[in-house]
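Dumped start-v4.pdb below, it's PDB, N, CA and C atoms:
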ATOM      1  N   MET U   4      -6.630  -0.879  11.529
ATOM      2  CA  MET U   4      -7.380  -0.236  10.470
ATOM      3  C   MET U   4      -6.433   0.021   9.302
ATOM      4  N   SER U   5      -6.878  -0.353   8.122
ATOM      5  CA  SER U   5      -6.055  -0.233   6.930
ATOM      6  C   SER U   5      -6.828   0.536   5.864
ATOM      7  N   PHE U   6      -6.108   1.344   5.103
ATOM      8  CA  PHE U   6      -6.750   2.120   4.052
ATOM      9  C   PHE U   6      -6.197   1.722   2.694
ATOM     10  N   SER U   7      -7.027   1.838   1.696
ATOM     11  CA  SER U   7      -6.634   1.541   0.329
ATOM     12  C   SER U   7      -7.468   2.425  -0.592
ATOM     13  N   TYR U   8      -7.329   2.208  -1.870
ATOM     14  CA  TYR U   8      -8.084   2.972  -2.855
ATOM     15  C   TYR U   8      -8.849   2.016  -3.759
ATOM     16  N   VAL U   9     -10.067   2.409  -4.097
ATOM     17  CA  VAL U   9     -10.820   1.728  -5.137
ATOM     18  C   VAL U   9     -10.640   2.565  -6.391
ATOM     19  N   VAL U  10     -10.215   1.916  -7.465
ATOM     20  CA  VAL U  10      -9.972   2.592  -8.734
ATOM     21  C   VAL U  10     -11.109   2.250  -9.689
ATOM     22  N   PHE U  11     -11.715   3.275 -10.262
ATOM     23  CA  PHE U  11     -12.774   3.102 -11.254
ATOM     24  C   PHE U  11     -12.235   3.574 -12.593
ATOM     25  N   THR U  12     -12.412   2.745 -13.620
ATOM     26  CA  THR U  12     -11.837   3.043 -14.919
ATOM     27  C   THR U  12     -12.632   2.374 -16.029
ATOM     28  N   ASN U  13     -12.241   2.630 -17.257
ATOM     29  CA  ASN U  13     -12.813   1.928 -18.404
ATOM     30  C   ASN U  13     -12.050   0.639 -18.634
ATOM     31  N   SER U  14     -12.744  -0.343 -19.147
ATOM     32  CA  SER U  14     -12.120  -1.610 -19.469
ATOM     33  C   SER U  14     -12.850  -2.222 -20.654
ATOM     34  N   ASP U  15     -12.199  -3.115 -21.334
ATOM     35  CA  ASP U  15     -12.829  -3.809 -22.450
ATOM     36  C   ASP U  15     -13.591  -5.003 -21.895
ATOM     37  N   ASN U  16     -14.873  -4.802 -21.622
ATOM     38  CA  ASN U  16     -15.714  -5.848 -21.036
ATOM     39  C   ASN U  16     -16.580  -6.542 -22.070
ATOM     40  N   GLY U  17     -16.224  -6.446 -23.332
ATOM     41  CA  GLY U  17     -16.994  -7.112 -24.370
ATOM     42  C   GLY U  17     -18.388  -6.531 -24.516
ATOM     43  N   PHE U  18     -19.356  -7.393 -24.716
ATOM     44  CA  PHE U  18     -20.732  -6.951 -24.981
ATOM     45  C   PHE U  18     -21.354  -6.204 -23.808
ATOM     46  N   ILE U  19     -20.938  -6.495 -22.588
ATOM     47  CA  ILE U  19     -21.562  -5.866 -21.416
ATOM     48  C   ILE U  19     -21.151  -4.399 -21.240
ATOM     49  N   LYS U  20     -20.055  -3.987 -21.880
ATOM     50  CA  LYS U  20     -19.589  -2.606 -21.749
ATOM     51  C   LYS U  20     -20.657  -1.605 -22.171
ATOM     52  N   ALA U  21     -21.472  -1.964 -23.134
ATOM     53  CA  ALA U  21     -22.536  -1.070 -23.600
ATOM     54  C   ALA U  21     -23.561  -0.779 -22.503
ATOM     55  N   LEU U  22     -23.658  -1.636 -21.514
ATOM     56  CA  LEU U  22     -24.619  -1.458 -20.423
ATOM     57  C   LEU U  22     -24.036  -0.674 -19.251
ATOM     58  N   LEU U  23     -22.730  -0.411 -19.266
ATOM     59  CA  LEU U  23     -22.067   0.230 -18.133
ATOM     60  C   LEU U  23     -21.767   1.690 -18.435
ATOM     61  N   LYS U  24     -21.718   2.500 -17.375
ATOM     62  CA  LYS U  24     -21.461   3.937 -17.511
ATOM     63  C   LYS U  24     -20.022   4.176 -17.951
ATOM     64  N   ASP U  25     -19.849   5.101 -18.903
ATOM     65  CA  ASP U  25     -18.520   5.441 -19.398
ATOM     66  C   ASP U  25     -17.644   5.929 -18.243
ATOM     67  N   GLY U  26     -16.444   5.402 -18.156
ATOM     68  CA  GLY U  26     -15.529   5.751 -17.072
ATOM     69  C   GLY U  26     -15.688   4.874 -15.847
ATOM     70  N   PHE U  27     -16.712   4.042 -15.839
ATOM     71  CA  PHE U  27     -17.012   3.189 -14.685
ATOM     72  C   PHE U  27     -17.369   1.771 -15.138
ATOM     73  N   SER U  28     -16.586   1.221 -16.050
ATOM     74  CA  SER U  28     -16.887  -0.128 -16.523
ATOM     75  C   SER U  28     -16.033  -1.192 -15.836
ATOM     76  N   HIS U  29     -15.120  -0.763 -14.958
ATOM     77  CA  HIS U  29     -14.265  -1.708 -14.231
ATOM     78  C   HIS U  29     -13.790  -1.055 -12.940
ATOM     79  N   CYS U  30     -13.517  -1.873 -11.932
ATOM     80  CA  CYS U  30     -12.946  -1.354 -10.688
ATOM     81  C   CYS U  30     -11.956  -2.367 -10.132
ATOM     82  N   TYR U  31     -11.002  -1.860  -9.363
ATOM     83  CA  TYR U  31     -10.007  -2.720  -8.723
ATOM     84  C   TYR U  31      -9.428  -2.011  -7.515
ATOM     85  N   MET U  32      -8.587  -2.722  -6.757
ATOM     86  CA  MET U  32      -8.022  -2.190  -5.517
ATOM     87  C   MET U  32      -6.571  -1.769  -5.714
ATOM     88  N   LEU U  33      -6.190  -0.746  -4.946
ATOM     89  CA  LEU U  33      -4.835  -0.218  -4.967
ATOM     90  C   LEU U  33      -4.424   0.005  -3.514
ATOM     91  N   TYR U  34      -3.302  -0.616  -3.105
ATOM     92  CA  TYR U  34      -2.804  -0.511  -1.731
ATOM     93  C   TYR U  34      -1.387   0.055  -1.768
ATOM     94  N   ILE U  35      -0.951   0.638  -0.653
ATOM     95  CA  ILE U  35       0.452   1.042  -0.547
ATOM     96  C   ILE U  35       1.096   0.239   0.576
ATOM     97  N   ASP U  36       2.286  -0.265   0.290
ATOM     98  CA  ASP U  36       3.022  -1.047   1.277
ATOM     99  C   ASP U  36       4.508  -0.784   1.101
ATOM    100  N   ARG U  37       5.136  -0.274   2.129
ATOM    101  CA  ARG U  37       6.572   0.021   2.137
ATOM    102  C   ARG U  37       7.014   0.843   0.929
ATOM    103  N   GLY U  38       6.218   1.851   0.596
ATOM    104  CA  GLY U  38       6.580   2.771  -0.476
ATOM    105  C   GLY U  38       6.259   2.301  -1.878
ATOM    106  N   LYS U  39       5.679   1.120  -2.010
ATOM    107  CA  LYS U  39       5.294   0.622  -3.332
ATOM    108  C   LYS U  39       3.782   0.448  -3.377
ATOM    109  N   TRP U  40       3.234   0.666  -4.552
ATOM    110  CA  TRP U  40       1.811   0.483  -4.764
ATOM    111  C   TRP U  40       1.547  -0.940  -5.211
ATOM    112  N   ILE U  41       0.568  -1.580  -4.587
ATOM    113  CA  ILE U  41       0.165  -2.929  -4.952
ATOM    114  C   ILE U  41      -1.184  -2.824  -5.661
ATOM    115  N   VAL U  42      -1.240  -3.332  -6.873
ATOM    116  CA  VAL U  42      -2.457  -3.328  -7.668
ATOM    117  C   VAL U  42      -3.059  -4.727  -7.607
ATOM    118  N   HIS U  43      -4.320  -4.811  -7.174
ATOM    119  CA  HIS U  43      -5.045  -6.085  -7.131
ATOM    120  C   HIS U  43      -6.243  -5.951  -8.051
ATOM    121  N   ASP U  44      -6.115  -6.510  -9.230
ATOM    122  CA  ASP U  44      -7.112  -6.373 -10.283
ATOM    123  C   ASP U  44      -7.733  -7.736 -10.560
ATOM    124  N   THR U  45      -9.016  -7.869 -10.219
ATOM    125  CA  THR U  45      -9.704  -9.150 -10.363
ATOM    126  C   THR U  45     -10.998  -8.957 -11.125
ATOM    127  N   GLY U  46     -11.308  -9.922 -11.949
ATOM    128  CA  GLY U  46     -12.564  -9.897 -12.685
ATOM    129  C   GLY U  46     -12.893 -11.269 -13.211
ATOM    130  N   ILE U  47     -13.761 -11.315 -14.192
ATOM    131  CA  ILE U  47     -14.221 -12.578 -14.751
ATOM    132  C   ILE U  47     -13.069 -13.380 -15.350
ATOM    133  N   ALA U  48     -12.103 -12.697 -15.958
ATOM    134  CA  ALA U  48     -10.992 -13.375 -16.632
ATOM    135  C   ALA U  48      -9.927 -13.906 -15.672
ATOM    136  N   GLY U  49      -9.946 -13.479 -14.423
ATOM    137  CA  GLY U  49      -8.944 -13.945 -13.468
ATOM    138  C   GLY U  49      -8.453 -12.821 -12.579
ATOM    139  N   SER U  50      -7.365 -13.087 -11.885
ATOM    140  CA  SER U  50      -6.819 -12.139 -10.927
ATOM    141  C   SER U  50      -5.367 -11.826 -11.265
ATOM    142  N   VAL U  51      -5.010 -10.549 -11.122
ATOM    143  CA  VAL U  51      -3.651 -10.098 -11.379
ATOM    144  C   VAL U  51      -3.222  -9.216 -10.206
ATOM    145  N   VAL U  52      -2.041  -9.490  -9.668
ATOM    146  CA  VAL U  52      -1.481  -8.667  -8.596
ATOM    147  C   VAL U  52      -0.064  -8.291  -9.004
ATOM    148  N   PHE U  53       0.242  -6.978  -8.936
ATOM    149  CA  PHE U  53       1.583  -6.523  -9.273
ATOM    150  C   PHE U  53       1.879  -5.232  -8.519
ATOM    151  N   THR U  54       3.131  -4.803  -8.525
ATOM    152  CA  THR U  54       3.529  -3.585  -7.824
ATOM    153  C   THR U  54       3.931  -2.502  -8.817
ATOM    154  N   LEU U  55       3.779  -1.263  -8.364
ATOM    155  CA  LEU U  55       4.183  -0.087  -9.126
ATOM    156  C   LEU U  55       4.893   0.874  -8.193
ATOM    157  N   GLU U  56       5.809   1.629  -8.711
ATOM    158  CA  GLU U  56       6.444   2.680  -7.920
ATOM    159  C   GLU U  56       5.727   4.011  -8.107
ATOM    160  N   ASP U  57       5.101   4.189  -9.269
ATOM    161  CA  ASP U  57       4.443   5.451  -9.609
ATOM    162  C   ASP U  57       3.050   5.147 -10.154
ATOM    163  N   ILE U  58       2.049   5.843  -9.635
ATOM    164  CA  ILE U  58       0.685   5.605 -10.100
ATOM    165  C   ILE U  58       0.122   6.813 -10.844
ATOM    166  N   SER U  59       0.977   7.698 -11.309
ATOM    167  CA  SER U  59       0.494   8.916 -11.965
ATOM    168  C   SER U  59      -0.340   8.595 -13.210
ATOM    169  N   ASP U  60      -0.005   7.539 -13.939
ATOM    170  CA  ASP U  60      -0.813   7.142 -15.106
ATOM    171  C   ASP U  60      -2.209   6.713 -14.678
ATOM    172  N   ILE U  61      -2.300   5.976 -13.578
ATOM    173  CA  ILE U  61      -3.603   5.531 -13.070
ATOM    174  C   ILE U  61      -4.421   6.721 -12.603
ATOM    175  N   VAL U  62      -3.801   7.623 -11.869
ATOM    176  CA  VAL U  62      -4.501   8.801 -11.347
ATOM    177  C   VAL U  62      -5.009   9.677 -12.491
ATOM    178  N   ALA U  63      -4.237   9.791 -13.556
ATOM    179  CA  ALA U  63      -4.607  10.653 -14.683
ATOM    180  C   ALA U  63      -5.784  10.106 -15.485
ATOM    181  N   THR U  64      -5.977   8.793 -15.498
ATOM    182  CA  THR U  64      -7.003   8.203 -16.363
ATOM    183  C   THR U  64      -8.141   7.528 -15.605
ATOM    184  N   SER U  65      -8.156   7.621 -14.282
ATOM    185  CA  SER U  65      -9.143   6.895 -13.486
ATOM    186  C   SER U  65      -9.711   7.781 -12.394
ATOM    187  N   THR U  66     -10.730   7.274 -11.720
ATOM    188  CA  THR U  66     -11.303   7.915 -10.541
ATOM    189  C   THR U  66     -10.942   7.050  -9.343
ATOM    190  N   LEU U  67     -10.341   7.663  -8.302
ATOM    191  CA  LEU U  67      -9.933   6.927  -7.105
ATOM    192  C   LEU U  67     -10.715   7.416  -5.898
ATOM    193  N   ILE U  68     -11.103   6.481  -5.040
ATOM    194  CA  ILE U  68     -11.747   6.811  -3.771
ATOM    195  C   ILE U  68     -11.004   6.079  -2.667
ATOM    196  N   GLU U  69     -10.563   6.816  -1.646
ATOM    197  CA  GLU U  69      -9.896   6.192  -0.497
ATOM    198  C   GLU U  69     -10.953   5.560   0.402
ATOM    199  N   VAL U  70     -10.706   4.320   0.815
ATOM    200  CA  VAL U  70     -11.645   3.580   1.651
ATOM    201  C   VAL U  70     -10.897   2.851   2.750
ATOM    202  N   GLU U  71     -11.626   2.528   3.805
ATOM    203  CA  GLU U  71     -11.084   1.677   4.856
ATOM    204  C   GLU U  71     -11.254   0.228   4.413
ATOM    205  N   THR U  72     -10.203  -0.553   4.513
ATOM    206  CA  THR U  72     -10.248  -1.952   4.096
ATOM    207  C   THR U  72     -10.690  -2.818   5.267
ATOM    208  N   LYS U  73     -11.769  -3.541   5.071
ATOM    209  CA  LYS U  73     -12.246  -4.503   6.065
ATOM    210  C   LYS U  73     -12.966  -5.609   5.322
ATOM    211  N   LYS U  74     -12.951  -6.787   5.855
ATOM    212  CA  LYS U  74     -13.535  -7.944   5.184
ATOM    213  C   LYS U  74     -15.047  -7.929   5.266
ATOM    214  N   SER U  75     -15.662  -8.359   4.192
ATOM    215  CA  SER U  75     -17.105  -8.509   4.126
ATOM    216  C   SER U  75     -17.505  -9.834   4.771
ATOM    217  N   THR U  76     -18.745  -9.918   5.178
ATOM    218  CA  THR U  76     -19.242 -11.162   5.745
ATOM    219  C   THR U  76     -20.285 -11.805   4.839
ATOM    220  N   GLY U  77     -20.396 -11.321   3.611
ATOM    221  CA  GLY U  77     -21.378 -11.873   2.684
ATOM    222  C   GLY U  77     -21.092 -13.335   2.373
ATOM    223  N   LEU U  78     -22.147 -14.103   2.198
ATOM    224  CA  LEU U  78     -21.999 -15.529   1.944
ATOM    225  C   LEU U  78     -21.894 -15.864   0.462
ATOM    226  N   PHE U  79     -22.489 -15.050  -0.389
ATOM    227  CA  PHE U  79     -22.525 -15.358  -1.811
ATOM    228  C   PHE U  79     -22.185 -14.111  -2.615
ATOM    229  N   SER U  80     -21.362 -14.280  -3.647
ATOM    230  CA  SER U  80     -21.106 -13.180  -4.570
ATOM    231  C   SER U  80     -20.662 -13.746  -5.909
ATOM    232  N   LEU U  81     -20.872 -12.967  -6.935
ATOM    233  CA  LEU U  81     -20.435 -13.349  -8.264
ATOM    234  C   LEU U  81     -18.942 -13.090  -8.394
ATOM    235  N   ASN U  82     -18.310 -13.699  -9.363
ATOM    236  CA  ASN U  82     -16.882 -13.475  -9.592
ATOM    237  C   ASN U  82     -16.713 -12.303 -10.554
ATOM    238  N   THR U  83     -16.973 -11.100 -10.050
ATOM    239  CA  THR U  83     -16.831  -9.885 -10.842
ATOM    240  C   THR U  83     -15.915  -8.919 -10.108
ATOM    241  N   CYS U  84     -15.461  -7.914 -10.816
ATOM    242  CA  CYS U  84     -14.602  -6.915 -10.183
ATOM    243  C   CYS U  84     -15.327  -6.235  -9.022
ATOM    244  N   VAL U  85     -16.607  -5.954  -9.186
ATOM    245  CA  VAL U  85     -17.385  -5.281  -8.137
ATOM    246  C   VAL U  85     -17.498  -6.168  -6.903
ATOM    247  N   SER U  86     -17.785  -7.439  -7.083
ATOM    248  CA  SER U  86     -17.924  -8.359  -5.948
ATOM    249  C   SER U  86     -16.628  -8.476  -5.156
ATOM    250  N   ILE U  87     -15.504  -8.575  -5.850
ATOM    251  CA  ILE U  87     -14.213  -8.699  -5.179
ATOM    252  C   ILE U  87     -13.894  -7.435  -4.389
ATOM    253  N   VAL U  88     -14.135  -6.272  -4.977
ATOM    254  CA  VAL U  88     -13.878  -5.011  -4.268
ATOM    255  C   VAL U  88     -14.818  -4.863  -3.081
ATOM    256  N   LYS U  89     -16.103  -5.175  -3.267
ATOM    257  CA  LYS U  89     -17.055  -5.090  -2.150
ATOM    258  C   LYS U  89     -16.612  -5.971  -0.998
ATOM    259  N   HIS U  90     -16.147  -7.163  -1.296
ATOM    260  CA  HIS U  90     -15.680  -8.072  -0.250
ATOM    261  C   HIS U  90     -14.472  -7.482   0.492
ATOM    262  N   ALA U  91     -13.553  -6.876  -0.235
ATOM    263  CA  ALA U  91     -12.339  -6.319   0.381
ATOM    264  C   ALA U  91     -12.623  -5.123   1.277
ATOM    265  N   ILE U  92     -13.672  -4.366   0.968
ATOM    266  CA  ILE U  92     -13.937  -3.151   1.748
ATOM    267  C   ILE U  92     -15.154  -3.279   2.655
ATOM    268  N   GLY U  93     -15.787  -4.439   2.668
ATOM    269  CA  GLY U  93     -16.871  -4.679   3.618
ATOM    270  C   GLY U  93     -18.229  -4.147   3.216
ATOM    271  N   VAL U  94     -18.508  -4.023   1.937
ATOM    272  CA  VAL U  94     -19.830  -3.605   1.479
ATOM    273  C   VAL U  94     -20.652  -4.870   1.236
ATOM    274  N   ASN U  95     -21.749  -5.023   1.976
ATOM    275  CA  ASN U  95     -22.541  -6.246   1.907
ATOM    276  C   ASN U  95     -23.840  -6.107   1.125
ATOM    277  N   ASN U  96     -24.037  -5.015   0.404
ATOM    278  CA  ASN U  96     -25.266  -4.792  -0.329
ATOM    279  C   ASN U  96     -25.296  -5.647  -1.609
ATOM    280  N   PRO U  97     -26.195  -6.651  -1.703
ATOM    281  CA  PRO U  97     -26.232  -7.519  -2.878
ATOM    282  C   PRO U  97     -26.785  -6.834  -4.126
ATOM    283  N   LEU U  98     -27.393  -5.657  -3.967
ATOM    284  CA  LEU U  98     -27.972  -4.952  -5.111
ATOM    285  C   LEU U  98     -26.952  -4.078  -5.844
ATOM    286  N   ILE U  99     -25.760  -3.942  -5.298
ATOM    287  CA  ILE U  99     -24.701  -3.202  -5.989
ATOM    288  C   ILE U  99     -24.014  -4.187  -6.933
ATOM    289  N   LEU U 100     -24.246  -3.990  -8.235
ATOM    290  CA  LEU U 100     -23.750  -4.932  -9.234
ATOM    291  C   LEU U 100     -22.768  -4.310 -10.227
ATOM    292  N   THR U 101     -22.816  -2.983 -10.390
ATOM    293  CA  THR U 101     -21.959  -2.336 -11.388
ATOM    294  C   THR U 101     -20.928  -1.438 -10.694
ATOM    295  N   PRO U 102     -19.829  -1.158 -11.376
ATOM    296  CA  PRO U 102     -18.837  -0.245 -10.785
ATOM    297  C   PRO U 102     -19.435   1.126 -10.452
ATOM    298  N   TYR U 103     -20.326   1.635 -11.292
ATOM    299  CA  TYR U 103     -20.902   2.954 -11.011
ATOM    300  C   TYR U 103     -21.795   2.920  -9.773
ATOM    301  N   GLN U 104     -22.552   1.851  -9.566
ATOM    302  CA  GLN U 104     -23.348   1.725  -8.349
ATOM    303  C   GLN U 104     -22.455   1.703  -7.122
ATOM    304  N   LEU U 105     -21.334   1.014  -7.200
ATOM    305  CA  LEU U 105     -20.378   0.983  -6.084
ATOM    306  C   LEU U 105     -19.800   2.369  -5.842
ATOM    307  N   TYR U 106     -19.442   3.052  -6.909
ATOM    308  CA  TYR U 106     -18.921   4.418  -6.802
ATOM    309  C   TYR U 106     -19.909   5.320  -6.071
ATOM    310  N   LYS U 107     -21.181   5.293  -6.480
ATOM    311  CA  LYS U 107     -22.204   6.128  -5.826
ATOM    312  C   LYS U 107     -22.363   5.759  -4.353
ATOM    313  N   ARG U 108     -22.281   4.474  -4.011
ATOM    314  CA  ARG U 108     -22.378   4.027  -2.620
ATOM    315  C   ARG U 108     -21.220   4.544  -1.789
ATOM    316  N   LEU U 109     -20.017   4.567  -2.373
ATOM    317  CA  LEU U 109     -18.843   5.010  -1.627
ATOM    318  C   LEU U 109     -18.787   6.525  -1.436
ATOM    319  N   LEU U 110     -19.457   7.252  -2.323
ATOM    320  CA  LEU U 110     -19.489   8.705  -2.147
ATOM    321  C   LEU U 110     -20.261   9.068  -0.909
TER     322      LEU U 110
END

Translate the structure described by the file into structure tokens.
Amino acid sequence: MSFSYVVFTNSDNGFIKALLKDGFSHCYMLYIDRGKWIVHDTGIAGSVVFTLEDISDIVATSTLIEVETKKSTGLFSLNTCVSIVKHAIGVNNPLILTPYQLYKRLL
């Protein structure tokens, strides 16, 4: 069993940002491994993975929820930040499309 964090934050999503809840326009994964934080940020533009020693900036400007990491068994998903996070944490609900919907589901 492995635990990680889902980070909810604002992002520049172009025209679609107007349709998303303020503070919940993007989400990504945050893991800890051997004392370093691994950031896995994926969305329409691509995927970025990097390490951090301190996440105080992220904690100060974002909402974090600790979750158990398990693989999803869904067959189809869009290439969005929400789909990638849902797959990583095992949420198979196809009706969860926005970061805020995912946030409410995880609460």

Can you check which residues of chain U DSSP gives as helix (DSSP H, G or I) on the backbone and send them as a JSON list (two decimals) with N, CA and C atoms, keeping the file's coordinate frame?
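So result-v5.json came out as:
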[["chain", "number", "residue", "atom", "x", "y", "z"],
["U", 17, "GLY", "N", -16.22, -6.45, -23.33],
["U", 17, "GLY", "CA", -16.99, -7.11, -24.37],
["U", 17, "GLY", "C", -18.39, -6.53, -24.52],
["U", 18, "PHE", "N", -19.36, -7.39, -24.72],
["U", 18, "PHE", "CA", -20.73, -6.95, -24.98],
["U", 18, "PHE", "C", -21.35, -6.20, -23.81],
["U", 19, "ILE", "N", -20.94, -6.50, -22.59],
["U", 19, "ILE", "CA", -21.56, -5.87, -21.42],
["U", 19, "ILE", "C", -21.15, -4.40, -21.24],
["U", 20, "LYS", "N", -20.06, -3.99, -21.88],
["U", 20, "LYS", "CA", -19.59, -2.61, -21.75],
["U", 20, "LYS", "C", -20.66, -1.60, -22.17],
["U", 21, "ALA", "N", -21.47, -1.96, -23.13],
["U", 21, "ALA", "CA", -22.54, -1.07, -23.60],
["U", 21, "ALA", "C", -23.56, -0.78, -22.50],
["U", 22, "LEU", "N", -23.66, -1.64, -21.51],
["U", 22, "LEU", "CA", -24.62, -1.46, -20.42],
["U", 22, "LEU", "C", -24.04, -0.67, -19.25],
["U", 59, "SER", "N", 0.98, 7.70, -11.31],
["U", 59, "SER", "CA", 0.49, 8.92, -11.96],
["U", 59, "SER", "C", -0.34, 8.60, -13.21],
["U", 60, "ASP", "N", 0.00, 7.54, -13.94],
["U", 60, "ASP", "CA", -0.81, 7.14, -15.11],
["U", 60, "ASP", "C", -2.21, 6.71, -14.68],
["U", 61, "ILE", "N", -2.30, 5.98, -13.58],
["U", 61, "ILE", "CA", -3.60, 5.53, -13.07],
["U", 61, "ILE", "C", -4.42, 6.72, -12.60],
["U", 62, "VAL", "N", -3.80, 7.62, -11.87],
["U", 62, "VAL", "CA", -4.50, 8.80, -11.35],
["U", 62, "VAL", "C", -5.01, 9.68, -12.49],
["U", 63, "ALA", "N", -4.24, 9.79, -13.56],
["U", 63, "ALA", "CA", -4.61, 10.65, -14.68],
["U", 63, "ALA", "C", -5.78, 10.11, -15.48],
["U", 64, "THR", "N", -5.98, 8.79, -15.50],
["U", 64, "THR", "CA", -7.00, 8.20, -16.36],
["U", 64, "THR", "C", -8.14, 7.53, -15.60],
["U", 84, "CYS", "N", -15.46, -7.91, -10.82],
["U", 84, "CYS", "CA", -14.60, -6.92, -10.18],
["U", 84, "CYS", "C", -15.33, -6.24, -9.02],
["U", 85, "VAL", "N", -16.61, -5.95, -9.19],
["U", 85, "VAL", "CA", -17.39, -5.28, -8.14],
["U", 85, "VAL", "C", -17.50, -6.17, -6.90],
["U", 86, "SER", "N", -17.78, -7.44, -7.08],
["U", 86, "SER", "CA", -17.92, -8.36, -5.95],
["U", 86, "SER", "C", -16.63, -8.48, -5.16],
["U", 87, "ILE", "N", -15.50, -8.57, -5.85],
["U", 87, "ILE", "CA", -14.21, -8.70, -5.18],
["U", 87, "ILE", "C", -13.89, -7.44, -4.39],
["U", 88, "VAL", "N", -14.14, -6.27, -4.98],
["U", 88, "VAL", "CA", -13.88, -5.01, -4.27],
["U", 88, "VAL", "C", -14.82, -4.86, -3.08],
["U", 89, "LYS", "N", -16.10, -5.18, -3.27],
["U", 89, "LYS", "CA", -17.06, -5.09, -2.15],
["U", 89, "LYS", "C", -16.61, -5.97, -1.00],
["U", 90, "HIS", "N", -16.15, -7.16, -1.30],
["U", 90, "HIS", "CA", -15.68, -8.07, -0.25],
["U", 90, "HIS", "C", -14.47, -7.48, 0.49],
["U", 91, "ALA", "N", -13.55, -6.88, -0.24],
["U", 91, "ALA", "CA", -12.34, -6.32, 0.38],
["U", 91, "ALA", "C", -12.62, -5.12, 1.28],
["U", 92, "ILE", "N", -13.67, -4.37, 0.97],
["U", 92, "ILE", "CA", -13.94, -3.15, 1.75],
["U", 92, "ILE", "C", -15.15, -3.28, 2.66],
["U", 102, "PRO", "N", -19.83, -1.16, -11.38],
["U", 102, "PRO", "CA", -18.84, -0.24, -10.78],
["U", 102, "PRO", "C", -19.43, 1.13, -10.45],
["U", 103, "TYR", "N", -20.33, 1.64, -11.29],
["U", 103, "TYR", "CA", -20.90, 2.95, -11.01],
["U", 103, "TYR", "C", -21.80, 2.92, -9.77],
["U", 104, "GLN", "N", -22.55, 1.85, -9.57],
["U", 104, "GLN", "CA", -23.35, 1.72, -8.35],
["U", 104, "GLN", "C", -22.46, 1.70, -7.12],
["U", 105, "LEU", "N", -21.33, 1.01, -7.20],
["U", 105, "LEU", "CA", -20.38, 0.98, -6.08],
["U", 105, "LEU", "C", -19.80, 2.37, -5.84],
["U", 106, "TYR", "N", -19.44, 3.05, -6.91],
["U", 106, "TYR", "CA", -18.92, 4.42, -6.80],
["U", 106, "TYR", "C", -19.91, 5.32, -6.07],
["U", 107, "LYS", "N", -21.18, 5.29, -6.48],
["U", 107, "LYS", "CA", -22.20, 6.13, -5.83],
["U", 107, "LYS", "C", -22.36, 5.76, -4.35],
["U", 108, "ARG", "N", -22.28, 4.47, -4.01],
["U", 108, "ARG", "CA", -22.38, 4.03, -2.62],
["U", 108, "ARG", "C", -21.22, 4.54, -1.79],
["U", 109, "LEU", "N", -20.02, 4.57, -2.37],
["U", 109, "LEU", "CA", -18.84, 5.01, -1.63],
["U", 109, "LEU", "C", -18.79, 6.52, -1.44]]

| remark: Separating atom CA of Asp57 of chain U from atom CA of Val85 of chain U, to the nearest tenth of an Å, is a gap of 24.4 Å

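Between Gly38 of chain U and the residues U:Glu56, U:Ala91, U:Thr66, U:Leu98, the shortest atom-to-atom distance, using all atoms listed in the file, involves U:Glu56.
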
| query | Between atom CA of His29 of chain U and atom CA of Lys74 of chain U, what is the distance, to one decimal in Å? | reply |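 Atom-to-atom, atom CA of His29 of chain U to atom CA of Lys74 of chain U, that is 20.4 Å.
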
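Picture a line from atom C of Tyr34 of chain U to atom N of Val52 of chain U; it runs 12.4 Å.
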